[in-house]
Each structure stands twice: as C-alpha cells, then as structure tokens.
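J.: I'm passing along final02.json; it holds JSON, C-alpha atoms.
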[["chain", "number", "residue", "atom", "x", "y", "z"],
["W", 230, "MET", "CA", -4.61, 2.59, -30.16],
["W", 231, "LYS", "CA", -4.56, -1.18, -30.29],
["W", 232, "LEU", "CA", -7.12, -3.30, -28.47],
["W", 233, "LEU", "CA", -6.24, -6.69, -26.99],
["W", 234, "THR", "CA", -8.50, -9.68, -26.45],
["W", 235, "LYS", "CA", -8.50, -11.45, -23.11],
["W", 236, "LYS", "CA", -6.37, -14.21, -24.61],
["W", 237, "GLN", "CA", -3.81, -11.65, -25.80],
["W", 238, "VAL", "CA", -3.79, -10.00, -22.35],
["W", 239, "ARG", "CA", -3.26, -13.40, -20.71],
["W", 240, "GLU", "CA", -0.31, -14.10, -23.03],
["W", 241, "LYS", "CA", 1.17, -10.66, -22.38],
["W", 242, "VAL", "CA", 0.96, -10.66, -18.57],
["W", 243, "GLY", "CA", 1.11, -14.39, -17.88],
["W", 244, "PHE", "CA", -1.98, -14.51, -15.64],
["W", 245, "SER", "CA", -4.92, -16.88, -15.88],
["W", 246, "PHE", "CA", -8.30, -15.57, -17.02],
["W", 247, "ALA", "CA", -9.61, -15.94, -13.45],
["W", 248, "HIS", "CA", -6.70, -13.97, -11.98],
["W", 249, "ILE", "CA", -7.18, -11.17, -14.51],
["W", 250, "ASP", "CA", -10.85, -11.00, -13.47],
["W", 251, "ARG", "CA", -9.97, -10.95, -9.75],
["W", 252, "MET", "CA", -7.38, -8.21, -10.18],
["W", 253, "GLU", "CA", -9.71, -6.13, -12.34],
["W", 254, "ASN", "CA", -12.53, -6.47, -9.78],
["W", 255, "ALA", "CA", -10.12, -5.36, -7.04],
["W", 256, "ASN", "CA", -9.14, -2.28, -9.12],
["W", 257, "ARG", "CA", -5.57, -3.60, -9.42],
["W", 258, "PHE", "CA", -5.64, -4.09, -13.20],
["W", 259, "PRO", "CA", -6.78, -1.94, -16.15],
["W", 260, "LYS", "CA", -10.50, -2.07, -16.84],
["W", 261, "ARG", "CA", -11.90, -3.74, -19.92],
["W", 262, "VAL", "CA", -13.67, -1.93, -22.73],
["W", 263, "ARG", "CA", -16.95, -3.39, -23.98],
["W", 264, "ILE", "CA", -17.65, -3.09, -27.67],
["W", 265, "GLY", "CA", -20.89, -4.85, -28.47],
["W", 266, "PHE", "CA", -20.75, -8.32, -26.95],
["W", 267, "ARG", "CA", -16.96, -8.46, -26.90],
["W", 268, "VAL", "CA", -14.45, -7.17, -24.37],
["W", 269, "PHE", "CA", -11.02, -5.73, -24.97],
["W", 270, "TRP", "CA", -8.20, -4.02, -23.09],
["W", 271, "SER", "CA", -6.13, -1.09, -24.26],
["W", 272, "ASP", "CA", -2.64, -2.29, -25.20],
["W", 273, "GLU", "CA", -1.28, 1.05, -24.00],
["W", 274, "GLU", "CA", -2.92, 0.71, -20.56],
["W", 275, "ILE", "CA", -1.57, -2.82, -20.19],
["W", 276, "ASP", "CA", 1.94, -1.61, -21.12],
["W", 277, "VAL", "CA", 1.71, 1.23, -18.56],
["W", 278, "TRP", "CA", 0.51, -1.24, -15.90],
["W", 279, "ILE", "CA", 3.44, -3.59, -16.64],
["W", 280, "ALA", "CA", 5.93, -0.70, -16.59],
["W", 281, "ALA", "CA", 4.59, 0.53, -13.24],
["W", 282, "HIS", "CA", 5.12, -2.89, -11.72],
["W", 283, "LEU", "CA", 8.61, -3.19, -13.16],
["W", 284, "ASN", "CA", 9.50, 0.26, -11.79],
["W", 285, "ALA", "CA", 8.11, -0.65, -8.35],
["W", 286, "ARG", "CA", 10.69, -3.41, -7.89],
["W", 287, "SER", "CA", 13.31, -2.79, -5.26]]
Rewrite the coordinates I just gave you, this time as structure tokens.
T.:
Amino acid sequence: MKLLTKKQVREKVGFSFAHIDRMENANRFPKRVRIGFRVFWSDEEIDVWIAAHLNARS
C-alpha cells in the first residue's frame, strides 16, 4: 500500500486543499490516516474514489 501526502492527493484529483477538506468532512472523499503528526491518504482508496466517479458518468 502506498500513502499519499495532501499535496500528492491535490495533484492527483485536481482539488484545492480546502475543497479536499470540505469533501472529506461531508463524507464524500476518502478519510485521511494519521501517523504521528502527519496525515496521509491511501493511494488505493483515492484510485477507487476516482474510478467510481468516472463510472458514474452518463
């Protein structure tokens, strides 16, 4: 499993830091993982989230 920093998540999904926070707080984005004082996201969960949105297109 690979872990992504917030900057890497932003680059991957194209959202601002604030929008990532808003979506996460609204349970519309994968939750972060805290390791010590740092936060990360699972690369696999982000990929699944992106795929779900691509598949939801009409």
J.: With 9 Å as the threshold, what does the neighbourhood of (-12.7, -2.6, -23.4) contain in terms of residues, counting all atoms listed in the file? Coordinates are those of the file; answer as a ChimeraX atom specification.
T.: /W:232-234,260-264,267-271
J.: What is the distance, in Å and to one decimal place, between atom CA of Phe244 of chain W and atom CA of Gly265 of chain W?
T.: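 Calculated distance between atom CA of Phe244 of chain W and atom CA of Gly265 of chain W is 24.8 Å.
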J.: One decimal, Å: what's the distance from atom CA of His282 of chain W over to atom CA of Val242 of chain W, could you say?
T.: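 Atom CA of His282 of chain W sits 11.2 Å away from atom CA of Val242 of chain W.
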J.: From the options W:Arg286, W:Gly243, W:Ala280, W:Asp272, which residue's atoms come nearest to Met230 of chain W, counting only C-alpha atoms?
T.: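 That would be W:Asp272, the residue with the smallest distance to Met230 of chain W.
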J.: Have a look at W:Arg251, W:Lys231, W:Asn256, W:Gln237 and name the one nearest to Glu274 of chain W; count all atoms listed in the file.
T.: W:Lys231
J.: Find the residues around Arg257 of chain W up to 12 Å (only C-alpha atoms counted), leave out those fewer than 2 positions away in its own chain, and share them as number ranges by chain.
T.: W: 248-255, 259-260, 275, 278-279, 281-282
